[in-house]
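Trainee: Structure file my_file.cif (mmCIF, C-alpha atoms) right here:
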data_my_file
#
loop_
_atom_site.label_atom_id
_atom_site.label_comp_id
_atom_site.auth_asym_id
_atom_site.auth_seq_id
_atom_site.Cartn_x
_atom_site.Cartn_y
_atom_site.Cartn_z
CA MET A 1 14.35 -38.59 -15.19
CA ALA A 2 11.62 -37.91 -12.69
CA GLU A 3 10.12 -34.43 -12.61
CA ASP A 4 9.99 -34.41 -8.82
CA LYS A 5 13.12 -33.04 -7.26
CA SER A 6 14.66 -34.66 -4.25
CA ALA A 7 14.60 -32.81 -0.95
CA MET A 8 18.29 -32.03 -1.34
CA GLU A 9 17.80 -30.51 -4.81
CA GLN A 10 14.91 -28.39 -3.52
CA ARG A 11 17.03 -27.10 -0.63
CA ILE A 12 19.86 -26.22 -3.02
CA ASP A 13 17.45 -24.43 -5.38
CA ASN A 14 15.93 -22.51 -2.45
CA ALA A 15 19.39 -21.50 -1.24
CA ILE A 16 20.38 -20.28 -4.70
CA TYR A 17 17.13 -18.72 -5.95
CA GLY A 18 15.19 -18.11 -2.72
CA THR A 19 12.00 -19.74 -1.56
CA PRO A 20 9.36 -19.71 -4.31
CA LYS A 21 6.42 -17.39 -3.58
CA ILE A 22 2.77 -18.18 -4.08
CA LYS A 23 1.08 -15.63 -6.39
CA PRO A 24 4.03 -13.18 -6.46
CA ASP A 25 2.27 -10.66 -8.75
CA GLU A 26 -0.75 -10.54 -6.44
CA GLN A 27 1.48 -10.08 -3.39
CA ARG A 28 3.38 -7.32 -5.18
CA LYS A 29 0.15 -5.51 -6.01
CA TYR A 30 -1.33 -5.76 -2.50
CA LEU A 31 1.87 -4.77 -0.65
CA GLY A 32 2.84 -8.28 0.36
CA THR A 33 -0.52 -9.86 1.12
CA PHE A 34 -3.11 -11.87 -0.82
CA ARG A 35 -6.27 -10.36 -2.35
CA GLU A 36 -8.58 -12.59 -0.31
CA ARG A 37 -7.22 -11.01 2.91
CA VAL A 38 -7.71 -7.41 1.76
CA CYS A 39 -10.44 -5.23 3.29
CA LEU A 40 -9.53 -1.80 1.91
CA THR A 41 -7.08 -0.33 -0.62
CA ILE A 42 -6.00 3.24 -1.33
CA SER A 43 -4.06 3.91 -4.52
CA ILE A 44 -1.36 6.54 -4.78
CA THR A 45 -3.66 8.66 -6.97
CA GLU A 46 -6.42 8.49 -4.34
CA LEU A 47 -3.89 9.31 -1.62
CA GLU A 48 -2.84 12.45 -3.50
CA GLU A 49 -6.48 13.54 -3.94
CA ARG A 50 -7.44 13.63 -0.26
CA ASP A 51 -6.78 12.31 3.22
CA TRP A 52 -8.46 8.92 3.55
CA SER A 53 -7.38 8.25 7.13
CA PHE A 54 -11.00 8.48 8.28
CA ALA A 55 -11.85 5.53 5.98
CA VAL A 56 -8.93 3.52 7.35
CA ALA A 57 -10.11 4.28 10.90
CA LYS A 58 -13.65 3.23 10.02
CA GLU A 59 -12.37 0.01 8.43
CA LEU A 60 -10.26 -0.82 11.49
CA GLU A 61 -13.29 -0.16 13.74
CA ARG A 62 -15.17 -2.90 11.88
CA GLY A 63 -12.66 -5.32 13.42
CA ILE A 64 -12.25 -7.58 10.39
CA GLY A 65 -8.84 -6.39 9.25
CA ASN A 66 -6.24 -5.29 11.77
CA GLN A 67 -3.13 -5.11 9.61
CA VAL A 68 -2.18 -1.98 7.70
CA PHE A 69 0.43 -2.22 4.96
CA LEU A 70 1.91 1.09 3.82
CA ASN A 71 4.03 1.72 0.75
CA GLY A 72 7.18 2.89 2.52
CA ASN A 73 8.67 4.17 -0.74
CA LEU A 74 6.35 7.17 -0.44
CA PRO A 75 7.34 10.25 1.61
CA HIS A 76 6.67 9.91 5.33
CA SER A 77 4.60 13.10 5.27
CA GLU A 78 2.01 11.35 3.07
CA LEU A 79 1.79 8.31 5.37
CA ARG A 80 1.87 10.06 8.76
CA ASN A 81 -1.93 10.18 9.25
CA TYR A 82 -2.31 6.49 8.37
CA ILE A 83 0.40 5.46 10.82
CA LYS A 84 -1.34 7.54 13.51
CA VAL A 85 -4.73 5.94 12.79
CA ALA A 86 -3.27 2.43 12.87
CA THR A 87 -1.49 3.13 16.15
CA GLU A 88 -4.62 4.59 17.76
CA ALA A 89 -6.63 1.52 16.68
CA ASN A 90 -3.95 -0.85 18.07
CA ALA A 91 -3.56 -2.31 14.59
CA ASN A 92 -0.32 -3.71 13.25
CA PHE A 93 1.24 -1.60 10.53
CA THR A 94 4.13 -2.41 8.25
CA LEU A 95 6.07 -0.08 5.98
CA LYS A 96 6.93 -1.95 2.78
CA THR A 97 10.14 -0.44 1.40
CA GLU A 98 11.29 -3.11 -1.02
CA PRO A 99 11.89 -1.79 -4.56
CA GLU A 100 9.22 -4.15 -5.92
CA PHE A 101 6.57 -1.88 -4.35
CA ARG A 102 6.38 0.90 -6.90
CA THR A 103 5.15 4.46 -6.57
CA THR A 104 3.32 4.82 -9.88
CA HIS A 105 -0.15 6.37 -9.77
CA ASP A 106 -1.95 3.04 -10.12
CA SER A 107 0.14 1.38 -7.39
CA LEU A 108 -1.29 0.96 -3.91
CA ALA A 109 -0.28 3.24 -1.06
CA VAL A 110 -2.33 1.73 1.78
CA VAL A 111 -3.80 -1.75 2.25
CA VAL A 112 -5.91 -2.82 5.24
CA ALA A 113 -5.96 -6.59 5.53
CA ALA A 114 -6.78 -9.49 7.83
CA LYS A 115 -4.50 -12.35 8.83
CA THR A 116 -6.80 -14.86 7.15
CA ALA A 117 -9.04 -14.81 4.09
CA VAL A 118 -12.09 -12.54 4.42
CA TYR A 119 -13.14 -12.09 0.76
CA GLN A 120 -14.32 -8.45 1.01
CA SER A 121 -15.67 -6.68 -2.05
CA PRO A 122 -15.33 -3.93 -3.12
CA VAL A 123 -12.01 -3.02 -1.55
CA ASP A 124 -11.25 0.25 -3.36
CA VAL A 125 -11.78 3.14 -0.91
CA GLN A 126 -13.88 5.22 -3.35
CA LYS A 127 -16.23 2.31 -4.02
CA ARG A 128 -16.36 1.15 -0.40
CA TYR A 129 -17.10 4.60 1.04
CA PRO A 130 -18.87 6.53 -1.77
CA ASP A 131 -21.03 8.56 0.62
CA ILE A 132 -18.00 9.76 2.57
CA THR A 133 -16.21 10.58 -0.68
CA LYS A 134 -18.91 13.09 -1.58
CA GLN A 135 -18.94 14.71 1.87
CA SER A 136 -15.24 15.07 2.66
CA PRO A 137 -13.31 17.95 1.15
CA GLN A 138 -10.49 17.29 -1.25
CA ILE A 139 -7.01 18.22 -0.17
CA HIS A 140 -4.70 19.80 -2.65
CA THR A 141 -1.43 20.15 -0.84
CA PRO A 142 1.44 21.41 -2.92
CA LYS A 143 3.86 18.62 -3.60
CA LYS A 144 7.11 19.10 -1.73
CA LYS A 145 10.18 19.47 -3.88
CA HIS A 146 13.15 17.24 -3.38
CA PHE A 147 16.53 18.75 -2.58
CA TRP A 148 17.73 18.62 -6.19
CA GLU A 149 14.53 20.19 -7.48
CA LYS A 150 14.92 23.07 -5.03
CA LEU A 151 18.56 23.48 -5.90
CA PHE A 152 18.02 23.63 -9.65
CA ASP A 153 14.61 25.28 -9.69
CA ARG A 154 14.63 28.17 -12.12
CA LYS A 155 12.18 30.98 -11.74
CA GLU A 156 10.02 31.81 -14.73
CA GLU A 157 10.88 35.25 -16.09
#
Please rewrite the model in this file as structure tokens.
Mentor:
Amino acid sequence: MAEDKSAMEQRIDNAIYGTPKIKPDEQRKYLGTFRERVCLTISITELEERDWSFAVAKELERGIGNQVFLNGNLPHSELRNYIKVATEANANFTLKTEPEFRTTHDSLAVVVAAKTAVYQSPVDVQKRYPDITKQSPQIHTPKKKHFWEKLFDRKEE
């Protein structure tokens, strides 16, 4: 039997299993885009440390990347400034809410990317803007409690 599938078999497989993705792990990591298109990344840990919207604005001003991918599984309050910056810069932004985009500390919260390959390095916000990192104050906002946490929160006696 030949290893190549006929067009009909490929269509049936695509209908049953979905269209195969190129580099699915890479796309999952970079919120649906490829590494070679990425200009800037902000992890969830970095997002919790401080407001990096100034770095996103600076990256969008460069004009290389004009797409902002946001991990929509995070609370809107944490993404509000990034949505505002993207809107002000007339950049396209997309909230990625699929369950494959996790909210662990090493997952990405914000990705600035181009439509085509740009091969930028480094892309991590702390490495890309080290001088700004030293100057800007850290934000330590208390984490908001979810409804159930508020409901069952016991006071220490």
Trainee: Would you compute, for all listed atoms of stretch 44-59 of chain A, the axis-aligned bounding box grown by 5 Å on each side, and then report its centre and edge lengths in Å rounded to one decimal, as lines of an AutoDock Vina configuration file?
Mentor:
center_x = -7.5
center_y = 6.8
center_z = 2.0
size_x = 22.3
size_y = 23.6
size_z = 27.9
Trainee: Applying 7 Å and all atoms listed in the file, which residues near stretch 84-93 of chain A remain after dropping the ones on its own chain fewer than 4 positions away? List them as a list of chain:residue names.
Mentor: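 So, after excluding close chain neighbours, the residues are A:Ser53, A:Ala57, A:Leu60, A:Asn66, A:Gln67, A:Val68, A:Phe69, A:Arg80.
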Trainee: With distances taken over only C-alpha atoms, which of A:Gly63, A:Leu40, A:Ala114, A:Gly72 is nearest to A:Thr94?
Mentor: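 Among the listed residues, the smallest separation from A:Thr94 belongs to A:Gly72.
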Trainee: Which residue, A:Val118, A:Thr103, A:Leu108, A:Ala55, has the smallest gap to A:Pro75 when you use only C-alpha atoms?
Mentor: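 Looking at the shortest contact to A:Pro75, the residue is A:Thr103.
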Trainee: Let me make sure I understand: among A:Cys39, A:Leu95, A:Ile64, A:Val123, which one has the smallest atom-to-atom distance to A:Ala109 if we use all atoms listed in the file?
Mentor: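 Of A:Cys39, A:Leu95, A:Ile64, A:Val123, the one nearest A:Ala109, counting all atoms listed in the file, is A:Leu95.
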Trainee: Give the answer as one residue: which of A:Arg28, A:Glu61, A:Pro122, A:Thr45 has the shortest atom-to-atom distance to A:Pro99, using only C-alpha atoms?
Mentor: A:Arg28
Trainee: Quick one: pull the distance between atom CA of A:Ile132 and atom CA of A:Lys96, Å, one decimal.
Mentor: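 Answer for the atom CA of A:Ile132 to atom CA of A:Lys96 separation: 27.5 Å.
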Trainee: Report the distance between atom CA of A:Glu36 and atom CA of A:Lys115 in Å, rounded to one decimal place.
Mentor: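 Atom-to-atom, atom CA of A:Glu36 to atom CA of A:Lys115, that is 10.0 Å.
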Trainee: Give me, please, the distance in Å between atom CA of A:Val111 and atom CA of A:His76, quoted to one decimal.
Mentor: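 Value for the atom CA of A:Val111-atom CA of A:His76 distance: 16.0 Å.
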Trainee: Neighbours of A:Asp106 within 12 Å (all atoms listed in the file; same-chain residues fewer than 2 positions away dropped), as number ranges by chain?
Mentor: A: 29-30, 41-48, 101-104, 108-110, 124
Trainee: Measuring between only C-alpha atoms, which one of A:Arg35, A:Asp51, A:Thr97, A:Lys58 shows the shortest distance to A:Leu79?
Mentor: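 Closest to A:Leu79, using only C-alpha atoms: A:Asp51.
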Trainee: Taking only C-alpha atoms into account, name the residue in A:Leu74, A:Pro24, A:Asp131, A:Asn81 that is nearest to A:Trp52.
Mentor: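 Looking at the shortest contact to A:Trp52, the residue is A:Asn81.
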Trainee: Which residues are close to A:Arg37, i.e. within 9 Å by only C-alpha atoms, leaving aside same-chain residues fewer than 4 positions away? Reply as a PyMOL selection string.
Mentor: chain A and resi 33+65+112-120
